[in-house]
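Chemist: Structure file work22.cif, mmCIF, C-alpha atoms and all ligand atoms, is pasted below:
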data_query
loop_
_atom_site.label_atom_id
_atom_site.label_comp_id
_atom_site.auth_asym_id
_atom_site.auth_seq_id
_atom_site.Cartn_x
_atom_site.Cartn_y
_atom_site.Cartn_z
CA MET A 1 89.88 -76.88 114.47
CA THR A 2 91.73 -79.54 112.46
CA ARG A 3 89.51 -82.10 110.86
CA ALA A 4 89.27 -85.59 112.33
CA SER A 5 91.29 -88.43 110.78
CA TRP A 6 91.99 -92.12 111.29
CA ARG A 7 95.06 -92.89 113.31
CA THR A 8 96.08 -96.10 111.50
CA ARG A 9 95.45 -97.89 108.22
CA ILE A 10 94.00 -100.90 109.97
CA GLY A 11 91.79 -98.51 111.94
CA PHE A 12 90.12 -97.27 108.79
CA ILE A 13 89.79 -100.77 107.34
CA LEU A 14 88.23 -102.18 110.49
CA ALA A 15 85.84 -99.24 110.83
CA ALA A 16 84.72 -99.78 107.23
CA VAL A 17 84.45 -103.54 107.75
CA GLY A 18 82.43 -102.81 110.87
CA SER A 19 80.03 -100.76 108.78
CA ALA A 20 79.82 -103.41 106.09
CA VAL A 21 79.40 -106.31 108.48
CA GLY A 22 75.91 -105.89 109.79
CA ILE A 23 72.56 -107.51 110.26
CA GLY A 24 72.67 -108.16 106.52
CA ASN A 25 75.59 -110.56 106.93
CA VAL A 26 74.47 -112.56 109.93
CA TRP A 27 70.86 -112.76 108.94
CA ARG A 28 69.97 -111.98 105.33
CA PHE A 29 73.01 -113.35 103.56
CA PRO A 30 72.93 -116.95 104.85
CA TRP A 31 69.21 -117.25 104.10
CA PHE A 32 69.63 -115.78 100.73
CA THR A 33 72.36 -118.24 99.88
CA ALA A 34 70.42 -121.23 101.12
CA ASP A 35 67.28 -120.15 99.27
CA ASN A 36 68.92 -119.42 95.95
CA GLY A 37 71.05 -122.36 94.97
CA GLY A 38 73.68 -122.56 97.72
CA ALA A 39 77.22 -122.55 96.39
CA ALA A 40 76.05 -121.66 92.89
CA PHE A 41 74.51 -118.49 94.28
CA LEU A 42 77.64 -117.85 96.27
CA LEU A 43 79.76 -117.76 93.13
CA LEU A 44 77.37 -115.35 91.46
CA TYR A 45 77.35 -113.19 94.56
CA LEU A 46 81.16 -113.12 94.72
CA LEU A 47 81.22 -112.08 91.08
CA PHE A 48 78.79 -109.23 91.79
CA VAL A 49 80.72 -108.09 94.83
CA LEU A 50 83.79 -107.80 92.61
CA LEU A 51 82.09 -106.32 89.55
CA ILE A 52 79.46 -104.10 91.20
CA GLY A 53 80.06 -103.81 94.95
CA VAL A 54 83.76 -102.97 95.01
CA PRO A 55 83.62 -100.51 92.07
CA GLY A 56 80.66 -98.76 93.71
CA LEU A 57 82.48 -98.68 97.04
CA LEU A 58 85.53 -97.12 95.35
CA GLY A 59 83.24 -94.57 93.71
CA GLU A 60 82.21 -93.41 97.18
CA PHE A 61 85.76 -93.50 98.53
CA VAL A 62 87.01 -91.29 95.73
CA ILE A 63 84.45 -88.52 96.34
CA GLY A 64 84.98 -88.67 100.10
CA ARG A 65 88.75 -88.51 100.08
CA ARG A 66 88.94 -85.87 97.37
CA GLY A 67 86.14 -83.76 98.81
CA GLY A 68 87.48 -84.09 102.35
CA SER A 69 84.05 -83.58 103.82
CA ASP A 70 80.59 -85.00 104.58
CA PRO A 71 78.46 -85.99 101.53
CA ILE A 72 76.89 -82.57 101.01
CA GLY A 73 80.14 -80.71 101.60
CA ALA A 74 82.09 -83.06 99.33
CA PHE A 75 79.69 -82.64 96.39
CA SER A 76 79.71 -78.92 96.95
CA ALA A 77 83.51 -78.68 97.13
CA LEU A 78 84.04 -80.78 94.00
CA GLY A 79 81.10 -79.85 91.80
CA GLY A 80 79.66 -76.60 93.08
CA ARG A 81 76.60 -75.73 95.13
CA ASN A 82 74.15 -77.15 92.60
CA TRP A 83 75.32 -80.61 93.57
CA ARG A 84 74.45 -80.24 97.23
CA PRO A 85 71.02 -81.92 96.90
CA MET A 86 72.73 -85.04 95.57
CA GLY A 87 74.70 -85.24 98.80
CA GLY A 88 71.43 -84.63 100.58
CA VAL A 89 70.01 -87.82 99.08
CA ALA A 90 72.83 -89.83 100.62
CA LEU A 91 72.33 -88.09 103.94
CA LEU A 92 68.63 -88.91 103.79
CA ALA A 93 69.46 -92.54 102.98
CA SER A 94 71.61 -92.80 106.10
CA VAL A 95 68.74 -91.43 108.17
CA VAL A 96 66.22 -93.84 106.63
CA VAL A 97 68.43 -96.89 107.15
CA LEU A 98 69.33 -96.09 110.75
CA SER A 99 65.69 -95.33 111.59
CA PHE A 100 64.75 -98.99 111.20
CA TYR A 101 68.20 -100.43 111.90
CA SER A 102 68.16 -99.19 115.48
CA VAL A 103 64.79 -100.85 116.03
CA VAL A 104 66.32 -104.17 115.01
CA GLY A 105 69.29 -103.24 117.22
CA GLY A 106 66.84 -102.91 120.10
CA TRP A 107 65.38 -106.35 119.40
CA ILE A 108 68.87 -107.80 119.43
CA LEU A 109 69.58 -106.26 122.83
CA ARG A 110 66.38 -107.85 124.14
CA TYR A 111 67.59 -111.22 122.88
CA LEU A 112 70.99 -110.66 124.44
CA LEU A 113 69.29 -110.00 127.76
CA GLY A 114 66.92 -112.90 127.16
CA SER A 115 69.92 -115.20 126.73
CA VAL A 116 71.06 -114.34 130.25
CA THR A 117 67.66 -114.69 131.86
CA GLY A 118 66.46 -117.53 129.64
CA ALA A 119 63.33 -115.53 128.88
CA TYR A 120 62.94 -116.65 125.27
CA PHE A 121 63.62 -120.36 125.73
CA ASP A 122 60.14 -121.58 126.56
CA ALA A 123 58.15 -119.83 123.88
CA PRO A 124 60.37 -118.19 121.25
CA GLN A 125 57.47 -117.27 118.99
CA GLN A 126 55.63 -115.46 121.76
CA PHE A 127 58.80 -113.80 122.98
CA PHE A 128 59.35 -112.10 119.64
CA GLY A 129 55.68 -111.21 119.39
CA ALA A 130 55.95 -109.49 122.76
CA ILE A 131 58.97 -107.35 121.92
CA ASP A 132 58.63 -106.51 118.23
CA TYR A 133 56.59 -103.28 118.20
CA GLY A 134 55.37 -101.06 121.01
CA LEU A 135 56.72 -99.17 124.00
CA GLY A 136 59.17 -101.93 124.90
CA ALA A 137 60.61 -101.74 121.39
CA VAL A 138 60.90 -97.96 121.75
CA ALA A 139 62.83 -98.34 125.00
CA ALA A 140 65.18 -100.97 123.56
CA HIS A 141 65.80 -98.87 120.46
CA VAL A 142 66.65 -95.89 122.66
CA VAL A 143 69.24 -97.93 124.57
CA PHE A 144 70.79 -99.12 121.31
CA LEU A 145 70.82 -95.54 120.03
CA LEU A 146 72.50 -94.26 123.20
CA VAL A 147 75.35 -96.76 122.86
CA THR A 148 75.75 -95.76 119.21
CA ALA A 149 75.76 -92.08 120.08
CA GLY A 150 78.30 -92.64 122.84
CA VAL A 151 80.84 -94.08 120.40
CA VAL A 152 80.26 -91.35 117.81
CA TYR A 153 80.49 -88.68 120.49
CA ALA A 154 83.96 -89.92 121.48
CA GLY A 155 85.21 -89.04 117.99
CA VAL A 156 86.46 -90.61 114.79
CA ASP A 157 89.80 -91.88 116.06
CA ARG A 158 89.10 -92.18 119.77
CA GLY A 159 85.52 -93.43 119.44
CA ILE A 160 84.79 -95.16 116.14
CA GLU A 161 88.33 -96.38 115.47
CA VAL A 162 88.94 -97.70 118.97
CA ALA A 163 85.52 -99.34 119.23
CA THR A 164 85.57 -101.09 115.86
CA LYS A 165 89.15 -102.26 116.43
CA ILE A 166 87.74 -104.33 119.29
CA MET A 167 84.33 -105.16 117.86
CA VAL A 168 85.30 -106.53 114.44
CA PRO A 169 87.94 -108.99 115.68
CA GLY A 170 85.44 -109.92 118.41
CA ILE A 171 82.83 -110.76 115.79
CA VAL A 172 85.25 -112.96 113.82
CA VAL A 173 86.63 -114.80 116.85
CA LEU A 174 83.18 -115.48 118.29
CA LEU A 175 81.83 -116.66 114.92
CA VAL A 176 84.76 -118.99 114.31
CA GLY A 177 84.30 -120.41 117.80
CA LEU A 178 80.57 -120.88 117.26
CA ALA A 179 81.11 -122.47 113.83
CA VAL A 180 83.60 -124.97 115.26
CA TRP A 181 81.24 -125.75 118.12
CA ALA A 182 78.31 -126.13 115.71
CA SER A 183 80.27 -128.65 113.63
CA THR A 184 80.50 -130.94 116.66
CA LEU A 185 76.72 -131.22 117.02
CA PRO A 186 75.07 -134.44 115.88
CA ASP A 187 73.46 -134.67 112.42
CA VAL A 188 74.80 -131.45 111.02
CA ALA A 189 75.49 -132.76 107.51
CA GLY A 190 72.02 -131.77 106.31
CA GLY A 191 72.68 -128.22 107.44
CA TYR A 192 75.83 -127.84 105.36
CA GLU A 193 74.07 -129.49 102.47
CA PHE A 194 71.11 -127.10 102.67
CA TYR A 195 73.47 -124.13 102.87
CA LEU A 196 76.15 -124.87 100.32
CA SER A 197 74.88 -127.55 97.95
CA LEU A 198 75.65 -126.62 94.39
CA ASP A 199 72.30 -126.15 92.63
CA TRP A 200 72.94 -124.75 89.16
CA GLY A 201 69.45 -125.73 88.05
CA TYR A 202 67.78 -123.36 90.46
CA LEU A 203 70.03 -120.55 89.37
CA GLN A 204 69.38 -121.19 85.70
CA THR A 205 65.62 -121.18 85.89
CA ASN A 206 65.44 -118.09 88.11
CA PHE A 207 68.47 -116.27 86.83
CA VAL A 208 67.07 -112.76 86.36
CA ASP A 209 65.40 -112.54 89.76
CA VAL A 210 68.29 -114.08 91.61
CA ALA A 211 70.85 -111.95 89.80
CA ALA A 212 68.99 -108.73 90.56
CA ALA A 213 68.65 -109.68 94.21
CA ALA A 214 72.30 -110.74 94.47
CA ALA A 215 73.41 -107.45 92.95
CA GLY A 216 71.27 -105.47 95.40
CA GLN A 217 72.72 -107.46 98.25
CA ALA A 218 76.26 -106.83 96.96
CA LEU A 219 75.68 -103.08 97.37
CA PHE A 220 73.72 -103.13 100.62
CA THR A 221 76.21 -105.44 102.26
CA LEU A 222 79.09 -103.08 101.50
CA SER A 223 77.18 -100.10 102.96
CA VAL A 224 77.22 -98.32 99.62
CA GLY A 225 74.84 -95.46 98.74
CA ALA A 226 74.29 -93.79 102.11
CA GLY A 227 77.44 -91.70 102.19
CA VAL A 228 78.84 -93.82 105.01
CA MET A 229 81.87 -94.96 103.05
CA LEU A 230 82.25 -91.47 101.57
CA THR A 231 82.38 -89.98 105.05
CA TYR A 232 84.81 -92.62 106.34
CA ALA A 233 87.09 -92.04 103.34
CA SER A 234 87.05 -88.30 104.01
CA TYR A 235 89.09 -89.01 107.16
CA LEU A 236 91.77 -90.72 105.06
CA GLY A 237 95.16 -89.56 103.72
CA GLU A 238 96.31 -89.61 100.09
CA ASP A 239 98.88 -92.36 100.69
CA ARG A 240 96.43 -95.24 100.93
CA SER A 241 95.40 -97.48 98.08
CA LEU A 242 91.63 -97.15 97.97
CA ALA A 243 91.40 -100.19 95.69
CA ALA A 244 93.46 -102.40 98.00
CA ASP A 245 91.58 -101.29 101.11
CA GLY A 246 88.23 -101.68 99.34
CA THR A 247 89.08 -105.22 98.28
CA ILE A 248 90.14 -106.21 101.79
CA ILE A 249 86.90 -104.77 103.17
CA ALA A 250 84.81 -106.74 100.66
CA VAL A 251 86.65 -109.99 101.39
CA LEU A 252 86.30 -109.68 105.17
CA ASN A 253 82.64 -108.79 104.79
CA THR A 254 82.04 -111.93 102.75
CA VAL A 255 83.95 -114.12 105.19
CA VAL A 256 81.72 -112.98 108.05
CA GLY A 257 78.58 -113.73 106.03
CA LEU A 258 79.87 -117.21 105.20
CA LEU A 259 80.81 -117.92 108.81
CA ALA A 260 77.36 -116.91 110.02
CA GLY A 261 75.81 -119.53 107.74
CA LEU A 262 78.22 -122.12 109.09
CA VAL A 263 76.77 -121.46 112.53
CA ILE A 264 73.09 -121.07 111.72
CA PHE A 265 72.36 -124.05 109.48
CA PRO A 266 74.19 -126.81 111.36
CA VAL A 267 72.44 -125.70 114.55
CA LEU A 268 68.99 -125.66 112.99
CA PHE A 269 69.43 -128.98 111.20
CA SER A 270 71.03 -130.72 114.11
CA LEU A 271 67.95 -129.96 116.17
CA GLY A 272 65.46 -130.57 113.40
CA VAL A 273 64.15 -127.00 113.59
CA PRO A 274 62.62 -125.96 110.27
CA PRO A 275 64.72 -123.17 108.73
CA GLY A 276 61.69 -120.86 108.42
CA ASP A 277 60.93 -118.39 105.68
CA GLY A 278 63.41 -115.65 106.55
CA GLY A 279 60.95 -112.93 107.60
CA PRO A 280 62.12 -110.26 110.05
CA GLY A 281 61.80 -112.43 113.12
CA ALA A 282 62.45 -115.84 111.57
CA LEU A 283 66.13 -116.10 112.41
CA PHE A 284 65.59 -114.95 115.96
CA ILE A 285 62.65 -117.22 116.53
CA SER A 286 64.07 -120.42 115.10
CA LEU A 287 67.53 -119.98 116.59
CA ALA A 288 66.21 -118.95 119.97
CA GLY A 289 64.11 -122.11 119.92
CA ALA A 290 67.09 -124.18 118.88
CA PHE A 291 69.49 -122.90 121.54
CA GLU A 292 67.06 -123.97 124.23
CA SER A 293 67.68 -127.67 123.74
CA LEU A 294 71.47 -127.41 123.78
CA PRO A 295 73.88 -127.71 126.67
CA TYR A 296 75.15 -124.30 127.81
CA SER A 297 72.17 -122.80 126.01
CA ARG A 298 72.47 -119.44 127.74
CA LEU A 299 76.15 -119.11 126.99
CA ILE A 300 75.65 -120.09 123.35
CA GLY A 301 72.69 -117.75 123.00
CA PHE A 302 74.65 -114.93 124.55
CA ALA A 303 77.62 -115.50 122.25
CA PHE A 304 75.46 -115.65 119.15
CA PHE A 305 73.33 -112.63 119.91
CA GLY A 306 76.50 -110.90 121.08
CA VAL A 307 77.87 -111.31 117.56
CA VAL A 308 74.66 -109.96 116.06
CA ALA A 309 74.70 -107.02 118.48
CA LEU A 310 78.31 -106.13 117.67
CA ALA A 311 77.61 -106.36 113.95
CA ALA A 312 74.54 -104.13 114.25
CA LEU A 313 76.33 -101.62 116.45
CA SER A 314 79.40 -101.23 114.23
CA SER A 315 77.03 -100.48 111.32
CA SER A 316 74.79 -98.09 113.23
CA ILE A 317 77.85 -96.10 114.33
CA SER A 318 78.75 -95.50 110.69
CA LEU A 319 75.22 -94.42 109.78
CA PHE A 320 75.03 -92.08 112.78
CA GLU A 321 78.35 -90.49 111.78
CA VAL A 322 77.00 -89.23 108.43
CA PRO A 323 74.58 -86.56 109.73
CA VAL A 324 77.02 -85.75 112.54
CA ALA A 325 79.77 -85.09 109.98
CA TYR A 326 77.34 -82.91 108.06
CA LEU A 327 76.65 -80.71 111.11
CA VAL A 328 80.32 -80.56 112.07
CA ASP A 329 81.65 -79.87 108.56
CA GLU A 330 78.92 -77.65 107.13
CA HIS A 331 77.63 -75.81 110.17
CA ASP A 332 80.64 -75.74 112.49
CA VAL A 333 78.65 -77.42 115.23
CA ALA A 334 80.76 -79.01 117.99
CA ARG A 335 80.77 -82.82 117.81
CA SER A 336 79.05 -83.06 121.18
CA TRP A 337 76.11 -80.90 120.11
CA ALA A 338 75.95 -82.54 116.71
CA THR A 339 75.72 -85.94 118.42
CA ALA A 340 72.94 -84.71 120.68
CA GLY A 341 71.00 -83.21 117.78
CA VAL A 342 71.31 -86.27 115.57
CA GLY A 343 70.41 -88.47 118.53
CA ALA A 344 67.22 -86.44 119.03
CA LEU A 345 66.34 -86.89 115.37
CA PHE A 346 66.74 -90.68 115.53
CA LEU A 347 64.89 -90.80 118.81
CA VAL A 348 61.85 -89.57 116.91
CA THR A 349 62.20 -91.46 113.61
CA GLY A 350 63.25 -94.72 115.27
CA SER A 351 60.43 -94.54 117.78
CA GLY A 352 58.02 -94.19 114.89
CA ALA A 353 59.37 -97.39 113.35
CA ALA A 354 59.35 -99.11 116.76
CA LEU A 355 55.67 -98.28 117.26
CA SER A 356 54.37 -98.98 113.78
CA SER A 357 55.12 -102.18 111.91
CA ASP A 358 53.76 -100.49 108.77
CA LEU A 359 56.30 -97.69 109.01
CA PHE A 360 59.06 -100.19 109.82
CA THR A 361 58.26 -102.31 106.78
CA LEU A 362 57.93 -99.31 104.51
CA LEU A 363 61.37 -98.04 105.52
CA ALA A 364 63.11 -101.41 105.63
CA ASP A 365 61.64 -102.95 102.50
CA ASN A 366 61.07 -100.02 100.15
CA VAL A 367 62.35 -96.56 101.05
CA ALA A 368 65.80 -97.71 102.14
CA ASN A 369 66.54 -99.52 98.87
CA LEU A 370 65.23 -96.63 96.87
CA ALA A 371 67.30 -94.04 98.73
CA LEU A 372 70.45 -96.18 98.62
CA THR A 373 70.07 -96.79 94.89
CA VAL A 374 69.47 -93.13 94.06
CA GLY A 375 72.31 -92.12 96.39
CA LEU A 376 74.71 -94.47 94.66
CA LEU A 377 73.56 -93.42 91.19
CA GLY A 378 74.41 -89.85 92.14
CA PHE A 379 77.90 -90.84 93.31
CA LEU A 380 78.70 -92.86 90.22
CA LEU A 381 77.42 -90.35 87.67
CA PHE A 382 79.30 -87.61 89.48
CA ASP A 383 82.52 -89.65 89.46
CA GLY A 384 82.17 -90.67 85.86
CA TRP A 385 80.85 -87.52 84.21
CA VAL A 386 81.72 -84.59 86.44
CA LEU A 387 85.02 -85.58 88.03
CA GLY A 388 86.19 -87.83 85.20
CA LYS A 389 89.99 -87.54 85.05
CA ALA A 390 90.08 -86.15 88.58
CA ALA A 391 88.27 -89.27 89.83
CA LEU A 392 90.87 -91.44 88.14
CA GLU A 393 93.66 -89.37 89.63
CA GLU A 394 92.14 -89.74 93.08
CA TYR A 395 91.71 -93.48 92.57
CA GLU A 396 95.37 -93.78 91.56
CA SER A 397 96.71 -91.84 94.51
CA GLY A 398 98.44 -94.40 96.73
CA ALA A 399 97.48 -97.29 94.44
CA GLY A 400 99.90 -100.06 93.43
CA PRO A 401 100.58 -101.18 89.85
CA LEU A 402 97.75 -103.72 89.66
CA ALA A 403 95.17 -101.27 90.99
CA ARG A 404 96.42 -98.60 88.59
CA ALA A 405 96.02 -100.93 85.63
CA LEU A 406 92.39 -101.41 86.63
CA GLY A 407 91.72 -97.68 86.92
CA ARG A 408 90.30 -97.08 83.46
CA PRO A 409 88.04 -100.13 83.39
CA TRP A 410 86.81 -99.04 86.81
CA LEU A 411 85.91 -95.59 85.57
CA VAL A 412 84.05 -96.99 82.56
CA ALA A 413 82.21 -99.42 84.82
CA ILE A 414 81.00 -96.74 87.21
CA ALA A 415 80.27 -94.16 84.52
CA VAL A 416 78.30 -96.40 82.18
CA VAL A 417 77.72 -100.02 83.16
CA LEU A 418 76.67 -99.60 86.77
CA PRO A 419 74.35 -96.63 86.16
CA ILE A 420 72.49 -98.55 83.45
CA PHE A 421 72.21 -101.52 85.72
CA LEU A 422 71.05 -99.43 88.70
CA THR A 423 68.47 -97.64 86.59
CA PHE A 424 67.01 -100.99 85.63
CA THR A 425 66.79 -102.20 89.20
CA LEU A 426 65.35 -98.84 90.22
CA LEU A 427 62.65 -98.98 87.58
CA SER A 428 61.78 -102.57 88.31
CA SER A 429 61.48 -101.89 92.04
CA LEU A 430 59.38 -98.79 91.37
CA THR A 431 56.99 -100.68 89.13
CA GLY A 432 56.99 -103.38 91.79
CA LEU A 433 55.94 -100.76 94.32
CA ALA A 434 53.13 -99.52 92.11
CA GLY A 435 51.86 -103.00 91.40
N1 LIG B 1 76.13 -103.13 105.40
C1 LIG B 1 75.17 -103.19 106.45
C2 LIG B 1 74.68 -104.63 106.61
O1 LIG B 1 75.06 -105.50 105.91
C3 LIG B 1 73.98 -102.30 106.20
C4 LIG B 1 74.28 -100.88 105.85
C5 LIG B 1 73.83 -100.34 104.67
C6 LIG B 1 75.03 -100.09 106.72
C7 LIG B 1 74.12 -99.04 104.31
C8 LIG B 1 75.34 -98.78 106.38
C9 LIG B 1 74.88 -98.25 105.18
O2 LIG B 1 73.91 -104.90 107.50
NA NA B 2 77.35 -106.42 105.08
#
Write the structure described by the file as structure tokens, please.
Modeler:
Amino acid sequence: MTRASWRTRIGFILAAVGSAVGIGNVWRFPWFTADNGGAAFLLLYLLFVLLIGVPGLLGEFVIGRRGGSDPIGAFSALGGRNWRPMGGVALLASVVVLSFYSVVGGWILRYLLGSVTGAYFDAPQQFFGAIDYGLGAVAAHVVFLLVTAGVVYAGVDRGIEVATKIMVPGIVVLLVGLAVWASTLPDVAGGYEFYLSLDWGYLQTNFVDVAAAAAGQALFTLSVGAGVMLTYASYLGEDRSLAADGTIIAVLNTVVGLLAGLVIFPVLFSLGVPPGDGGPGALFISLAGAFESLPYSRLIGFAFFGVVALAALSSSISLFEVPVAYLVDEHDVARSWATAGVGALFLVTGSGAALSSDLFTLLADNVANLALTVGLLGFLLFDGWVLGKAALEEYESGAGPLARALGRPWLVAIAVVLPIFLTFTLLSSLTGLAG
């Protein structure tokens, strides 16, 4: 059987943007910005996306396109069987991330439904408390997983490409609409101020912590480290500029994060709802409470949680595709059976996270970061020290003059600078875990 491939350039870009744009953008990013110096943080973050996120993303693209296979198969094809475990780390990372991601996906579906019925309006705090962990959460996570599996089952071009071609523009259009609407609410100035005020002082006094967190976010937000981008790039031809596509993906991902903040903060400030501390349920709780007092509250709630649902779904599809690609590429399993098998796996792991808040927190706060960091370290060291010239050649294939000129600095960055940096963050998070 011929291997799957994207049908169009924009199809690949939108699928990758769909993966990048996720719960991280509509939820973590705006809070992070507001909490860490507003526009000053934003500049630092943009710098890290360019200096760390995009080079790391290209490191994954290069292995995927050259290896023409899932993470394990690509390492094996390019470096020999001994490298298979390194691909296994990425595969494991995708499983860890989706195991808690689909639980959050289930919550979002409950909010979407709650927007129609108005169920969360009266007591938003209690509503979240009633759905967060337990059998209801299991059921919601299963529904979210089934939708994800349905898209992956339909295939790379006819499932993922078609779906994300609708979902990503849908996210942008809805967010722009919501941001414009939010700007018409009374007393929104404080919201913009809270979000984007330029606070260099905060950044200066907390530079190390903020920088480390911003760098971590720059990688997570671009879906780097789990083999997702590797797998997506393996469905790509040699005629595309990886650097150009990677840059477009990073820019669109940032735009969506920014737009989400331009919806969230004006709404909260206009209604005098305290922004909260950003814990797992904080966004849901405070926004759900805020929507209640607005005209067309159900419509607004549905549109907002619709955006969050689309963002979560287009990311979960990409995570689900990694183990499916592994079964299809390495074990010649038909896509339909691979989808069923991977679905069964996530049914179990996700249900565990939906039943136990301890397991959820462990995966979401610790194991995921660890696995993503180790996964990425493996990609970068492999690019820089095993592939070397071949990595550069792959990077240059399809690239324009500007991208070509940046090829060597890119290779040095991913071979030396990024690994040192990642090792530091790894060690500091490990000692953080111990302490
Ligand atoms: N980029 C996604 C987000 O911002 C999360 C993600 C990480 C998705 C790793 C896939 C792989 O929510
Ligand atoms: Na993102």
Chemist: Could you report the residues within 7 Å of ligand LIG 1 (chain B), using all atoms listed in the file, as a list in words?
Modeler: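 The residues near ligand LIG 1 (chain B) are Ser19, Ala20, Val21, Gly22, Ile23, Gly24, Asn25, Ser94, Val97, Phe220, Thr221, Leu222, Ser223, Val224, Gly225, Ala226, Val228, Ala312, Ser315, Ser316, Ser318 and Leu319 of chain A.
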Chemist: Under the rule that only C-alpha atoms and all ligand atoms are counted, which of A:Val176, A:Val210, A:Val256, A:Val142 is the nearest residue to ligand NA 2 (chain B)?
Modeler: A:Val256
Chemist: Nearest to ligand NA 2 (chain B): which of A:Phe61, A:Phe29, A:Tyr45, A:Trp6 is it, counting only C-alpha atoms and all ligand atoms?
Modeler: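 Closest candidate: A:Phe29.
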Chemist: Go through A:Ala163, A:Ser99, A:Gly191, A:Thr205 one by one, measure the shortest atom-to-atom distance of each to Gly37 of chain A using all atoms listed in the file, and give the residue with the smallest value.
Modeler: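 Smallest separation from Gly37 of chain A among the options: A:Thr205.
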Chemist: Considering all atoms listed in the file, can you say which of A:Ala16, A:Val162, A:Ile10, A:Leu91 comes closest to ligand NA 2 (chain B)?
Modeler: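 Checking each of A:Ala16, A:Val162, A:Ile10, A:Leu91 against ligand NA 2 (chain B), counting all atoms listed in the file, the winner is A:Ala16.
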Chemist: For the point (59.3, -118.7, 117.4) in the file's frame, write as an mmCIF file with C-alpha atoms, keeping the file's coordinate frame all residues with an atom no more than 10 Å away, counting all atoms listed in the file.
Modeler:
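This is the output file out_8.cif:
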data_model
loop_
_atom_site.group_PDB
_atom_site.id
_atom_site.type_symbol
_atom_site.label_atom_id
_atom_site.label_comp_id
_atom_site.auth_asym_id
_atom_site.auth_seq_id
_atom_site.Cartn_x
_atom_site.Cartn_y
_atom_site.Cartn_z
ATOM 1 C CA TYR A 120 62.940 -116.650 125.270
ATOM 2 C CA PHE A 121 63.620 -120.360 125.730
ATOM 3 C CA ASP A 122 60.140 -121.580 126.560
ATOM 4 C CA ALA A 123 58.150 -119.830 123.880
ATOM 5 C CA PRO A 124 60.370 -118.190 121.250
ATOM 6 C CA GLN A 125 57.470 -117.270 118.990
ATOM 7 C CA GLN A 126 55.630 -115.460 121.760
ATOM 8 C CA PHE A 127 58.800 -113.800 122.980
ATOM 9 C CA PHE A 128 59.350 -112.100 119.640
ATOM 10 C CA GLY A 129 55.680 -111.210 119.390
ATOM 11 C CA GLY A 276 61.690 -120.860 108.420
ATOM 12 C CA GLY A 281 61.800 -112.430 113.120
ATOM 13 C CA ALA A 282 62.450 -115.840 111.570
ATOM 14 C CA LEU A 283 66.130 -116.100 112.410
ATOM 15 C CA PHE A 284 65.590 -114.950 115.960
ATOM 16 C CA ILE A 285 62.650 -117.220 116.530
ATOM 17 C CA SER A 286 64.070 -120.420 115.100
ATOM 18 C CA LEU A 287 67.530 -119.980 116.590
ATOM 19 C CA ALA A 288 66.210 -118.950 119.970
ATOM 20 C CA GLY A 289 64.110 -122.110 119.920
ATOM 21 C CA ALA A 290 67.090 -124.180 118.880
#
Chemist: I need every residue sitting at most 10 Å from the point (78.1, -110.7, 88.9) (coordinates as in the file, all atoms listed in the file considered), written as a list of chain:residue names.
Modeler: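 Selection result: A:Leu43, A:Leu44, A:Tyr45, A:Leu46, A:Leu47, A:Phe48, A:Val49, A:Leu50, A:Leu51, A:Ile52, A:Gly53, A:Ala211, A:Ala212, A:Ala214, A:Ala215, A:Ala218.
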Chemist: With distances taken over all atoms listed in the file, which residue among A:Ala303, A:Ile131, A:Val17, A:Ile63 lies nearest ligand NA 2 (chain B)?
Modeler: A:Val17
Chemist: Kindly assemble as JSON lines a list of the segment 48-147 of chain A residues that lie within 10 Å of segment 336-343 of chain A, each paired with its nearest atom pair and their distance in Å to one decimal, using all atoms listed in the file, sorted first by chain and then by ascending residue number.
Modeler:
{"residue": "A:Val95", "atom": "CA", "partner": "A:Val342", "partner_atom": "CA", "distance": 9.4}
{"residue": "A:Val142", "atom": "CA", "partner": "A:Gly343", "partner_atom": "CA", "distance": 9.3}
{"residue": "A:Leu145", "atom": "CA", "partner": "A:Gly343", "partner_atom": "CA", "distance": 7.2}
{"residue": "A:Leu146", "atom": "CA", "partner": "A:Gly343", "partner_atom": "CA", "distance": 7.7}
Chemist: For ligand NA 2 (chain B), which residue among A:Phe41, A:Tyr296, A:Phe12, A:Trp27 is the nearest when counting all atoms listed in the file?
Modeler: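 Smallest separation from ligand NA 2 (chain B) among the options: A:Trp27.
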Chemist: Report, in Å with one decimal, the straight-line distance from atom CA of Ile13 of chain A to atom CA of Thr231 of chain A.
Modeler: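 Computing it gives 13.3 Å between the two atoms.
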